[in-house]
Amino acid sequence: MPDEIPARFRAEVVRKLGHGGEATVYELTGDRALRVFHTHTDLSHLEKIGAFYKKLSAPHLPFAVPEIFEFAVEDGVGYSLDRLIRGRAFHDVMPALTGADRNRALDSFTDAASALSAISLEDQPYGEFLFDDALTGDTWADFLLARLEENYAKGRPDLIEAIPNVDAIVEVLRERIRALLDPPKVLVHGDYFPGNVLMDDDFNVTGVIDFGWLTVAGDPAMDLASAAIFLNVVRGHQPSDAERVHARLLATHGDALAAAIETYRGWYAIRFSPYKADDGSLFEWCVISLKKFMERTLEDGRPRPSVSS
């Protein structure tokens, strides 16, 4: 039994569920999960996240969302005791899926992306709200631009080495964001990708996990866009996966969503760009995504009047 697990939980460990950058997660008896944090983390932010989870109206959602029962530092180790959500992460399932099973899983993943928008957050300002240093804006565009500018200032030195004309691309992105109308303020997971979506053996979504620093009050189209644009960061993805998700999204929500997908593709590329040293593959995704944004929105150095899918 790993020494880092607080002593009172060691006899209740069923198995190790996963290991990430922040914590290692274990299944405990009684449908509970134990997250053991790798460093002496300030756990005060978990109080805010825990309160947020309690506000989520589970009856409105067709899948489970997290719940934090307790958190503390014990035996010198920071931990949280959470609700166990049954299922396997889609990114673990995806590499082995073929044919009808793969299509069924992709469709379930796509359809679940729209469910979170049932949670209204009209009492929140546009933007982040789960951390003390959260960025917000009076309008949706104000928030998006504030976050873009802060992250671009950090990521630009690396980006300009990879994409010499990145400043021109970002200026087009700014123009697209300024043109956005204020959407209804709903819950946006912000990191909706196969690693945060759990599925059962029939490839139905059983849970969505890891709300956090990317979660915002904002546009329901953002999670829809995430479902399409984040697939190619997953081990075992196929080009046809994103094509299927994109087509299903437009069939369900209308062709106008195509423009939002491209805008959020560019915005997320800047959002993640400062973290090259932490995750080189993520930075590579940022570069590829900005180039794709450029290809679809620039012609002879000028914004196109419309965006093709």
# chains A, B, ... in the order shown; residues from 1 in each chain; ligands from 1
$ residues_around --residues "Glu262 in chain A" --least-positions-apart "5" --cutoff "12 Å" --atoms "only C-alpha atoms" --output "MDAnalysis selection string"
chainID A and resid 172:173 176:177 221:222 224:226 228:229 246 256:257 267:269 289:298 306:309
$ residues_around --residues "range 185-193 of chain A" --least-positions-apart "3" --cutoff "9 Å" --atoms "only C-alpha atoms" --output "number ranges by chain"
A: 90-91, 109, 113, 116-126, 140, 182, 196-197, 208-231, 233-234
$ write_last_selection --atoms "C-alpha atoms" --output "compact mmCIF listing (two decimals), in the first residue's frame"
# COMPACT_ATOMS: atom_id res chain seq x y z
CA PHE A 90 -13.47 7.77 -22.72
CA HIS A 91 -9.82 8.41 -23.57
CA PHE A 109 -19.85 11.91 -25.98
CA ALA A 113 -21.67 18.03 -24.26
CA LEU A 116 -24.36 21.03 -18.94
CA SER A 117 -25.96 24.12 -20.46
CA ALA A 118 -29.13 23.17 -18.57
CA ILE A 119 -27.44 24.64 -15.49
CA SER A 120 -28.09 28.39 -15.46
CA LEU A 121 -25.51 30.67 -13.83
CA GLU A 122 -27.23 34.00 -14.38
CA ASP A 123 -26.20 35.08 -10.87
CA GLN A 124 -22.54 34.92 -11.88
CA PRO A 125 -20.59 37.44 -13.95
CA TYR A 126 -19.27 36.20 -17.26
CA TRP A 140 -18.77 37.62 -22.61
CA ASP A 182 -23.70 38.03 -25.00
CA ASN A 196 -13.03 14.05 -18.34
CA VAL A 197 -15.96 12.00 -19.63
CA VAL A 208 -18.37 14.31 -16.30
CA ILE A 209 -15.51 15.12 -13.93
CA ASP A 210 -12.75 17.63 -13.19
CA PHE A 211 -14.53 20.96 -13.17
CA GLY A 212 -11.96 23.54 -12.18
CA TRP A 213 -9.76 26.36 -13.44
CA LEU A 214 -11.25 26.22 -16.95
CA THR A 215 -14.87 26.18 -15.77
CA VAL A 216 -16.77 29.39 -16.52
CA ALA A 217 -20.18 31.00 -16.66
CA GLY A 218 -20.70 31.67 -20.33
CA ASP A 219 -21.60 30.43 -23.78
CA PRO A 220 -23.14 26.94 -24.14
CA ALA A 221 -21.39 26.69 -27.53
CA MET A 222 -18.02 26.54 -25.79
CA ASP A 223 -18.40 22.96 -24.53
CA LEU A 224 -19.85 21.96 -27.89
CA ALA A 225 -16.76 23.36 -29.58
CA SER A 226 -14.53 21.59 -27.06
CA ALA A 227 -16.10 18.24 -27.94
CA ALA A 228 -14.94 18.73 -31.52
CA ILE A 229 -11.58 20.46 -31.17
CA PHE A 230 -10.02 18.51 -28.28
CA LEU A 231 -10.41 15.04 -29.76
CA VAL A 233 -5.12 15.44 -28.31
CA VAL A 234 -6.29 11.97 -27.25
$ atom_distance --atom1 "CA of Pro194 in chain A" --atom2 "CA of Ser114 in chain A"
14.6 Å
$ residues_around --residues "Gly21 in chain A" --least-positions-apart "5" --cutoff "12 Å" --atoms "only C-alpha atoms" --output "list of chain:residue names"
A:Arg35, A:Val36, A:Phe37, A:His38, A:Thr39, A:Asp278, A:Asp279
$ closest_residue --among "A:Asp133, A:Glu4, A:Asp107, A:Asp31" --to "Arg83 in chain A" --atoms "only C-alpha atoms"
A:Asp31
$ atom_distance --atom1 "CA of Arg88 in chain A" --atom2 "CA of Val13 in chain A"
18.0 Å
$ residues_around --residues "Asn151 in chain A" --least-positions-apart "2" --cutoff "7 Å" --atoms "only C-alpha atoms" --output "MDAnalysis selection string"
chainID A and resid 147:149 153:155 270:271 274
$ residues_around --residues "Val93 in chain A" --least-positions-apart "4" --cutoff "10 Å" --atoms "only C-alpha atoms" --output "list in words"
Arg88, Ala89, Leu97, Arg102, Ala105, Pro194, Gly195, Leu198, Met199, Asp200, Asp201, Phe203 and Gly236 of chain A
$ write_last_selection --atoms "all heavy atoms" --output "tab-separated table (two decimals), in the first residue's frame"
chain	number	residue	atom	x	y	z
A	88	ARG	N	-15.51	4.23	-17.15
A	88	ARG	CA	-14.13	4.38	-17.58
A	88	ARG	C	-14.00	5.65	-18.40
A	88	ARG	O	-14.92	6.03	-19.15
A	88	ARG	CB	-13.69	3.19	-18.43
A	88	ARG	CG	-13.66	1.87	-17.69
A	88	ARG	CD	-13.32	0.73	-18.65
A	88	ARG	NE	-12.00	0.93	-19.26
A	88	ARG	CZ	-11.60	0.31	-20.37
A	88	ARG	NH1	-12.42	-0.52	-21.00
A	88	ARG	NH2	-10.40	0.54	-20.86
A	89	ALA	N	-12.87	6.33	-18.24
A	89	ALA	CA	-12.65	7.54	-19.03
A	89	ALA	C	-12.67	7.20	-20.51
A	89	ALA	O	-12.08	6.21	-20.95
A	89	ALA	CB	-11.31	8.17	-18.65
A	97	LEU	N	-11.68	0.94	-29.62
A	97	LEU	CA	-13.02	0.91	-30.21
A	97	LEU	C	-12.97	0.92	-31.73
A	97	LEU	O	-12.16	1.63	-32.34
A	97	LEU	CB	-13.84	2.11	-29.73
A	97	LEU	CG	-14.26	2.11	-28.26
A	97	LEU	CD1	-15.06	3.37	-27.96
A	97	LEU	CD2	-15.07	0.88	-27.93
A	102	ARG	N	-17.48	2.33	-31.73
A	102	ARG	CA	-16.78	3.62	-31.74
A	102	ARG	C	-17.76	4.75	-32.08
A	102	ARG	O	-17.76	5.81	-31.43
A	102	ARG	CB	-15.63	3.59	-32.74
A	102	ARG	CG	-14.70	4.80	-32.63
A	102	ARG	CD	-13.53	4.73	-33.60
A	102	ARG	NE	-12.53	5.74	-33.32
A	102	ARG	CZ	-11.49	5.57	-32.51
A	102	ARG	NH1	-11.31	4.40	-31.91
A	102	ARG	NH2	-10.63	6.55	-32.29
A	105	ALA	N	-20.05	5.46	-29.09
A	105	ALA	CA	-19.36	6.19	-28.03
A	105	ALA	C	-19.16	7.65	-28.41
A	105	ALA	O	-19.37	8.56	-27.59
A	105	ALA	CB	-18.01	5.53	-27.74
A	194	PRO	N	-12.26	13.75	-23.88
A	194	PRO	CA	-12.50	12.36	-23.46
A	194	PRO	C	-11.87	11.97	-22.14
A	194	PRO	O	-12.33	11.00	-21.51
A	194	PRO	CB	-11.91	11.55	-24.63
A	194	PRO	CG	-12.14	12.41	-25.82
A	194	PRO	CD	-11.87	13.81	-25.32
A	195	GLY	N	-10.86	12.68	-21.66
A	195	GLY	CA	-10.29	12.34	-20.36
A	195	GLY	C	-11.17	12.71	-19.19
A	195	GLY	O	-11.02	12.17	-18.09
A	198	LEU	N	-16.75	9.99	-18.48
A	198	LEU	CA	-16.76	8.57	-18.14
A	198	LEU	C	-17.90	7.87	-18.86
A	198	LEU	O	-18.99	8.44	-19.04
A	198	LEU	CB	-16.93	8.40	-16.63
A	198	LEU	CG	-15.91	9.13	-15.73
A	198	LEU	CD1	-16.19	8.81	-14.27
A	198	LEU	CD2	-14.49	8.76	-16.11
A	199	MET	N	-17.65	6.60	-19.23
A	199	MET	CA	-18.65	5.82	-19.96
A	199	MET	C	-18.80	4.43	-19.36
A	199	MET	O	-17.85	3.88	-18.78
A	199	MET	CB	-18.23	5.66	-21.43
A	199	MET	CG	-18.30	6.93	-22.23
A	199	MET	SD	-18.06	6.60	-23.99
A	199	MET	CE	-18.47	8.24	-24.63
A	200	ASP	N	-20.01	3.86	-19.54
A	200	ASP	CA	-20.24	2.48	-19.11
A	200	ASP	C	-19.90	1.52	-20.24
A	200	ASP	O	-19.41	1.92	-21.30
A	200	ASP	CB	-21.68	2.30	-18.62
A	200	ASP	CG	-22.73	2.56	-19.70
A	200	ASP	OD1	-22.38	2.49	-20.91
A	200	ASP	OD2	-23.89	2.81	-19.36
A	201	ASP	N	-20.16	0.25	-20.04
A	201	ASP	CA	-19.79	-0.77	-21.02
A	201	ASP	C	-20.63	-0.70	-22.29
A	201	ASP	O	-20.26	-1.30	-23.30
A	201	ASP	CB	-19.90	-2.16	-20.40
A	201	ASP	CG	-18.86	-2.40	-19.31
A	201	ASP	OD1	-17.84	-1.68	-19.30
A	201	ASP	OD2	-19.08	-3.29	-18.46
A	203	PHE	N	-21.23	2.22	-23.65
A	203	PHE	CA	-20.77	3.48	-24.25
A	203	PHE	C	-21.77	4.61	-24.07
A	203	PHE	O	-21.92	5.47	-24.94
A	203	PHE	CB	-20.40	3.27	-25.73
A	203	PHE	CG	-19.52	2.08	-25.93
A	203	PHE	CD1	-19.98	0.98	-26.62
A	203	PHE	CD2	-18.25	2.05	-25.39
A	203	PHE	CE1	-19.17	-0.14	-26.79
A	203	PHE	CE2	-17.44	0.92	-25.55
A	203	PHE	CZ	-17.90	-0.17	-26.25
A	236	GLY	N	-4.92	7.53	-29.60
A	236	GLY	CA	-5.82	6.61	-30.28
A	236	GLY	C	-6.91	7.29	-31.08
A	236	GLY	O	-7.79	6.60	-31.63
$ closest_residue --among "A:Leu145, A:Trp285, A:Arg15, A:Tyr152" --to "Thr263 in chain A" --atoms "only C-alpha atoms"
A:Leu145
$ closest_residue --among "A:Val14, A:Glu74, A:Tyr275, A:Asn103" --to "Pro157 in chain A" --atoms "only C-alpha atoms"
A:Tyr275
$ select_by_dssp --residues "range 1-224 of chain A" --states "strand (DSSP E or B)" --output "mmCIF file with N, CA, C and O atoms, in the first residue's frame"
data_model
loop_
_atom_site.group_PDB
_atom_site.id
_atom_site.type_symbol
_atom_site.label_atom_id
_atom_site.label_comp_id
_atom_site.auth_asym_id
_atom_site.auth_seq_id
_atom_site.Cartn_x
_atom_site.Cartn_y
_atom_site.Cartn_z
ATOM 1 N N VAL A 13 -8.945 0.819 0.633
ATOM 2 C CA VAL A 13 -8.582 0.989 -0.780
ATOM 3 C C VAL A 13 -8.946 -0.272 -1.566
ATOM 4 O O VAL A 13 -8.559 -1.383 -1.204
ATOM 5 N N VAL A 14 -9.682 -0.080 -2.648
ATOM 6 C CA VAL A 14 -10.053 -1.177 -3.544
ATOM 7 C C VAL A 14 -9.043 -1.306 -4.684
ATOM 8 O O VAL A 14 -8.558 -2.388 -4.990
ATOM 9 N N ARG A 15 -8.708 -0.163 -5.286
ATOM 10 C CA ARG A 15 -7.765 -0.174 -6.396
ATOM 11 C C ARG A 15 -7.368 1.261 -6.727
ATOM 12 O O ARG A 15 -8.035 2.225 -6.309
ATOM 13 N N LYS A 16 -6.279 1.367 -7.462
ATOM 14 C CA LYS A 16 -5.854 2.667 -7.977
ATOM 15 C C LYS A 16 -6.616 2.961 -9.260
ATOM 16 O O LYS A 16 -6.680 2.132 -10.164
ATOM 17 N N LEU A 17 -7.193 4.161 -9.332
ATOM 18 C CA LEU A 17 -7.979 4.526 -10.500
ATOM 19 C C LEU A 17 -7.171 5.301 -11.530
ATOM 20 O O LEU A 17 -7.416 5.183 -12.732
ATOM 21 N N GLY A 18 -6.237 6.113 -11.077
ATOM 22 C CA GLY A 18 -5.491 6.915 -12.031
ATOM 23 C C GLY A 18 -4.483 7.805 -11.349
ATOM 24 O O GLY A 18 -4.486 7.987 -10.116
ATOM 25 N N HIS A 19 -3.607 8.376 -12.172
ATOM 26 C CA HIS A 19 -2.547 9.253 -11.678
ATOM 27 C C HIS A 19 -2.437 10.429 -12.625
ATOM 28 O O HIS A 19 -2.257 10.252 -13.826
ATOM 29 N N ALA A 23 -2.879 14.837 -8.649
ATOM 30 C CA ALA A 23 -3.191 13.869 -7.604
ATOM 31 C C ALA A 23 -3.232 12.451 -8.159
ATOM 32 O O ALA A 23 -3.338 12.234 -9.369
ATOM 33 N N THR A 24 -3.151 11.492 -7.227
ATOM 34 C CA THR A 24 -3.415 10.086 -7.541
ATOM 35 C C THR A 24 -4.763 9.739 -6.934
ATOM 36 O O THR A 24 -5.072 10.156 -5.808
ATOM 37 N N VAL A 25 -5.575 8.991 -7.683
ATOM 38 C CA VAL A 25 -6.943 8.718 -7.264
ATOM 39 C C VAL A 25 -7.117 7.224 -7.019
ATOM 40 O O VAL A 25 -6.677 6.390 -7.828
ATOM 41 N N TYR A 26 -7.756 6.885 -5.894
ATOM 42 C CA TYR A 26 -8.011 5.503 -5.513
ATOM 43 C C TYR A 26 -9.500 5.302 -5.296
ATOM 44 O O TYR A 26 -10.196 6.190 -4.775
ATOM 45 N N GLU A 27 -9.985 4.129 -5.670
ATOM 46 C CA GLU A 27 -11.339 3.737 -5.304
ATOM 47 C C GLU A 27 -11.320 3.195 -3.887
ATOM 48 O O GLU A 27 -10.475 2.373 -3.532
ATOM 49 N N LEU A 28 -12.284 3.652 -3.074
ATOM 50 C CA LEU A 28 -12.471 3.140 -1.725
ATOM 51 C C LEU A 28 -13.785 2.375 -1.650
ATOM 52 O O LEU A 28 -14.652 2.501 -2.519
ATOM 53 N N ARG A 32 -16.793 5.491 -2.818
ATOM 54 C CA ARG A 32 -16.037 6.721 -2.576
ATOM 55 C C ARG A 32 -14.713 6.674 -3.340
ATOM 56 O O ARG A 32 -14.205 5.604 -3.678
ATOM 57 N N ALA A 33 -14.186 7.855 -3.611
ATOM 58 C CA ALA A 33 -12.881 7.975 -4.256
ATOM 59 C C ALA A 33 -12.000 8.864 -3.399
ATOM 60 O O ALA A 33 -12.462 9.866 -2.837
ATOM 61 N N LEU A 34 -10.740 8.497 -3.287
ATOM 62 C CA LEU A 34 -9.768 9.263 -2.512
ATOM 63 C C LEU A 34 -8.772 9.885 -3.474
ATOM 64 O O LEU A 34 -8.106 9.187 -4.236
ATOM 65 N N ARG A 35 -8.701 11.211 -3.451
ATOM 66 C CA ARG A 35 -7.671 11.910 -4.222
ATOM 67 C C ARG A 35 -6.541 12.295 -3.275
ATOM 68 O O ARG A 35 -6.752 13.030 -2.310
ATOM 69 N N VAL A 36 -5.349 11.803 -3.540
ATOM 70 C CA VAL A 36 -4.171 12.105 -2.730
ATOM 71 C C VAL A 36 -3.299 13.061 -3.533
ATOM 72 O O VAL A 36 -2.776 12.709 -4.598
ATOM 73 N N PHE A 37 -3.138 14.276 -3.042
ATOM 74 C CA PHE A 37 -2.416 15.305 -3.777
ATOM 75 C C PHE A 37 -0.909 15.099 -3.653
ATOM 76 O O PHE A 37 -0.403 14.697 -2.601
ATOM 77 N N ALA A 64 -23.712 11.694 -13.882
ATOM 78 C CA ALA A 64 -23.269 12.127 -12.559
ATOM 79 C C ALA A 64 -22.187 13.194 -12.674
ATOM 80 O O ALA A 64 -21.444 13.261 -13.655
ATOM 81 N N ILE A 68 -17.730 16.415 -3.296
ATOM 82 C CA ILE A 68 -16.637 16.309 -2.331
ATOM 83 C C ILE A 68 -17.237 16.182 -0.933
ATOM 84 O O ILE A 68 -17.945 17.076 -0.471
ATOM 85 N N PHE A 69 -16.947 15.075 -0.263
ATOM 86 C CA PHE A 69 -17.477 14.849 1.079
ATOM 87 C C PHE A 69 -16.623 15.529 2.152
ATOM 88 O O PHE A 69 -17.142 16.069 3.127
ATOM 89 N N GLU A 70 -15.313 15.472 1.988
ATOM 90 C CA GLU A 70 -14.418 16.107 2.955
ATOM 91 C C GLU A 70 -13.053 16.286 2.316
ATOM 92 O O GLU A 70 -12.714 15.645 1.322
ATOM 93 N N PHE A 71 -12.280 17.197 2.885
ATOM 94 C CA PHE A 71 -10.902 17.373 2.449
ATOM 95 C C PHE A 71 -10.097 17.887 3.638
ATOM 96 O O PHE A 71 -10.623 18.571 4.528
ATOM 97 N N ALA A 72 -8.833 17.507 3.677
ATOM 98 C CA ALA A 72 -7.992 17.885 4.810
ATOM 99 C C ALA A 72 -6.547 17.509 4.506
ATOM 100 O O ALA A 72 -6.235 16.933 3.455
ATOM 101 N N VAL A 73 -5.675 17.835 5.445
ATOM 102 C CA VAL A 73 -4.300 17.351 5.439
ATOM 103 C C VAL A 73 -4.157 16.415 6.625
ATOM 104 O O VAL A 73 -4.460 16.779 7.760
ATOM 105 N N GLU A 74 -3.761 15.179 6.351
ATOM 106 C CA GLU A 74 -3.660 14.170 7.399
ATOM 107 C C GLU A 74 -2.385 13.353 7.180
ATOM 108 O O GLU A 74 -2.075 12.984 6.044
ATOM 109 N N VAL A 77 -0.302 14.625 4.472
ATOM 110 C CA VAL A 77 -0.746 14.454 3.086
ATOM 111 C C VAL A 77 -2.082 15.163 2.876
ATOM 112 O O VAL A 77 -3.013 14.995 3.668
ATOM 113 N N GLY A 78 -2.175 15.942 1.798
ATOM 114 C CA GLY A 78 -3.443 16.555 1.428
ATOM 115 C C GLY A 78 -4.293 15.592 0.638
ATOM 116 O O GLY A 78 -3.798 14.878 -0.243
ATOM 117 N N TYR A 79 -5.581 15.529 0.962
ATOM 118 C CA TYR A 79 -6.471 14.607 0.262
ATOM 119 C C TYR A 79 -7.868 15.200 0.176
ATOM 120 O O TYR A 79 -8.230 16.152 0.888
ATOM 121 N N SER A 80 -8.669 14.620 -0.706
ATOM 122 C CA SER A 80 -10.111 14.872 -0.688
ATOM 123 C C SER A 80 -10.828 13.542 -0.849
ATOM 124 O O SER A 80 -10.343 12.634 -1.531
ATOM 125 N N LEU A 81 -11.963 13.437 -0.190
ATOM 126 C CA LEU A 81 -12.803 12.236 -0.247
ATOM 127 C C LEU A 81 -14.020 12.590 -1.086
ATOM 128 O O LEU A 81 -14.800 13.476 -0.720
ATOM 129 N N ASP A 82 -14.172 11.909 -2.214
ATOM 130 C CA ASP A 82 -15.157 12.292 -3.218
ATOM 131 C C ASP A 82 -16.150 11.176 -3.493
ATOM 132 O O ASP A 82 -15.920 10.013 -3.151
ATOM 133 N N ARG A 83 -17.230 11.543 -4.132
ATOM 134 C CA ARG A 83 -18.171 10.564 -4.667
ATOM 135 C C ARG A 83 -17.491 9.779 -5.779
ATOM 136 O O ARG A 83 -16.805 10.351 -6.632
ATOM 137 N N ARG A 88 -15.515 4.227 -17.150
ATOM 138 C CA ARG A 88 -14.127 4.381 -17.580
ATOM 139 C C ARG A 88 -14.002 5.653 -18.397
ATOM 140 O O ARG A 88 -14.918 6.028 -19.148
ATOM 141 N N ALA A 89 -12.873 6.333 -18.238
ATOM 142 C CA ALA A 89 -12.645 7.540 -19.028
ATOM 143 C C ALA A 89 -12.668 7.198 -20.513
ATOM 144 O O ALA A 89 -12.076 6.206 -20.950
ATOM 145 N N SER A 120 -28.197 26.942 -15.296
ATOM 146 C CA SER A 120 -28.094 28.392 -15.458
ATOM 147 C C SER A 120 -27.198 28.989 -14.377
ATOM 148 O O SER A 120 -27.256 28.590 -13.207
ATOM 149 N N TYR A 126 -19.905 36.996 -16.219
ATOM 150 C CA TYR A 126 -19.274 36.198 -17.260
ATOM 151 C C TYR A 126 -17.839 35.871 -16.861
ATOM 152 O O TYR A 126 -17.086 36.737 -16.417
ATOM 153 N N GLY A 127 -17.469 34.600 -17.011
ATOM 154 C CA GLY A 127 -16.086 34.234 -16.769
ATOM 155 C C GLY A 127 -15.912 33.215 -15.662
ATOM 156 O O GLY A 127 -16.821 32.460 -15.324
ATOM 157 N N GLU A 128 -14.715 33.212 -15.100
ATOM 158 C CA GLU A 128 -14.311 32.222 -14.106
ATOM 159 C C GLU A 128 -14.932 32.541 -12.746
ATOM 160 O O GLU A 128 -15.245 33.701 -12.445
ATOM 161 N N THR A 136 -13.120 37.855 -14.791
ATOM 162 C CA THR A 136 -14.505 38.005 -15.218
ATOM 163 C C THR A 136 -14.603 39.211 -16.147
ATOM 164 O O THR A 136 -13.647 39.957 -16.322
ATOM 165 N N GLY A 137 -15.781 39.395 -16.741
ATOM 166 C CA GLY A 137 -16.014 40.544 -17.602
ATOM 167 C C GLY A 137 -17.463 40.972 -17.550
ATOM 168 O O GLY A 137 -18.349 40.164 -17.253
ATOM 169 N N VAL A 186 -24.543 30.152 -18.754
ATOM 170 C CA VAL A 186 -24.769 28.778 -18.314
ATOM 171 C C VAL A 186 -23.440 28.171 -17.883
ATOM 172 O O VAL A 186 -22.370 28.735 -18.105
ATOM 173 N N LEU A 187 -23.534 27.003 -17.267
ATOM 174 C CA LEU A 187 -22.341 26.291 -16.847
ATOM 175 C C LEU A 187 -21.571 25.784 -18.059
ATOM 176 O O LEU A 187 -22.110 25.078 -18.898
ATOM 177 N N VAL A 188 -20.304 26.157 -18.124
ATOM 178 C CA VAL A 188 -19.394 25.668 -19.156
ATOM 179 C C VAL A 188 -18.268 24.921 -18.456
ATOM 180 O O VAL A 188 -17.523 25.515 -17.676
ATOM 181 N N VAL A 197 -14.637 12.579 -19.385
ATOM 182 C CA VAL A 197 -15.964 12.000 -19.628
ATOM 183 C C VAL A 197 -15.885 10.498 -19.381
ATOM 184 O O VAL A 197 -15.062 9.804 -19.985
ATOM 185 N N LEU A 198 -16.746 9.992 -18.484
ATOM 186 C CA LEU A 198 -16.765 8.574 -18.138
ATOM 187 C C LEU A 198 -17.901 7.868 -18.857
ATOM 188 O O LEU A 198 -18.987 8.439 -19.044
ATOM 189 N N MET A 199 -17.650 6.601 -19.227
ATOM 190 C CA MET A 199 -18.647 5.816 -19.961
ATOM 191 C C MET A 199 -18.799 4.430 -19.355
ATOM 192 O O MET A 199 -17.847 3.879 -18.780
ATOM 193 N N VAL A 205 -22.574 7.859 -21.551
ATOM 194 C CA VAL A 205 -21.855 8.720 -20.611
ATOM 195 C C VAL A 205 -22.462 8.566 -19.222
ATOM 196 O O VAL A 205 -23.669 8.737 -19.030
ATOM 197 N N THR A 206 -21.622 8.214 -18.255
ATOM 198 C CA THR A 206 -22.079 8.062 -16.868
ATOM 199 C C THR A 206 -21.684 9.239 -15.988
ATOM 200 O O THR A 206 -22.277 9.441 -14.932
ATOM 201 N N GLY A 207 -20.681 10.011 -16.383
ATOM 202 C CA GLY A 207 -20.253 11.116 -15.549
ATOM 203 C C GLY A 207 -19.334 12.062 -16.291
ATOM 204 O O GLY A 207 -18.680 11.692 -17.267
ATOM 205 N N VAL A 208 -19.316 13.303 -15.824
ATOM 206 C CA VAL A 208 -18.374 14.314 -16.296
ATOM 207 C C VAL A 208 -17.646 14.833 -15.072
ATOM 208 O O VAL A 208 -18.282 15.231 -14.088
ATOM 209 N N VAL A 216 -16.326 27.999 -16.464
ATOM 210 C CA VAL A 216 -16.770 29.392 -16.516
ATOM 211 C C VAL A 216 -18.289 29.466 -16.593
ATOM 212 O O VAL A 216 -18.977 28.481 -16.867
ATOM 213 N N ALA A 217 -18.797 30.665 -16.349
ATOM 214 C CA ALA A 217 -20.185 31.002 -16.659
ATOM 215 C C ALA A 217 -20.162 31.694 -18.011
ATOM 216 O O ALA A 217 -19.541 32.758 -18.154
ATOM 217 N N GLY A 218 -20.805 31.081 -19.004
ATOM 218 C CA GLY A 218 -20.700 31.673 -20.328
ATOM 219 C C GLY A 218 -21.501 30.968 -21.386
ATOM 220 O O GLY A 218 -22.622 30.510 -21.136
#
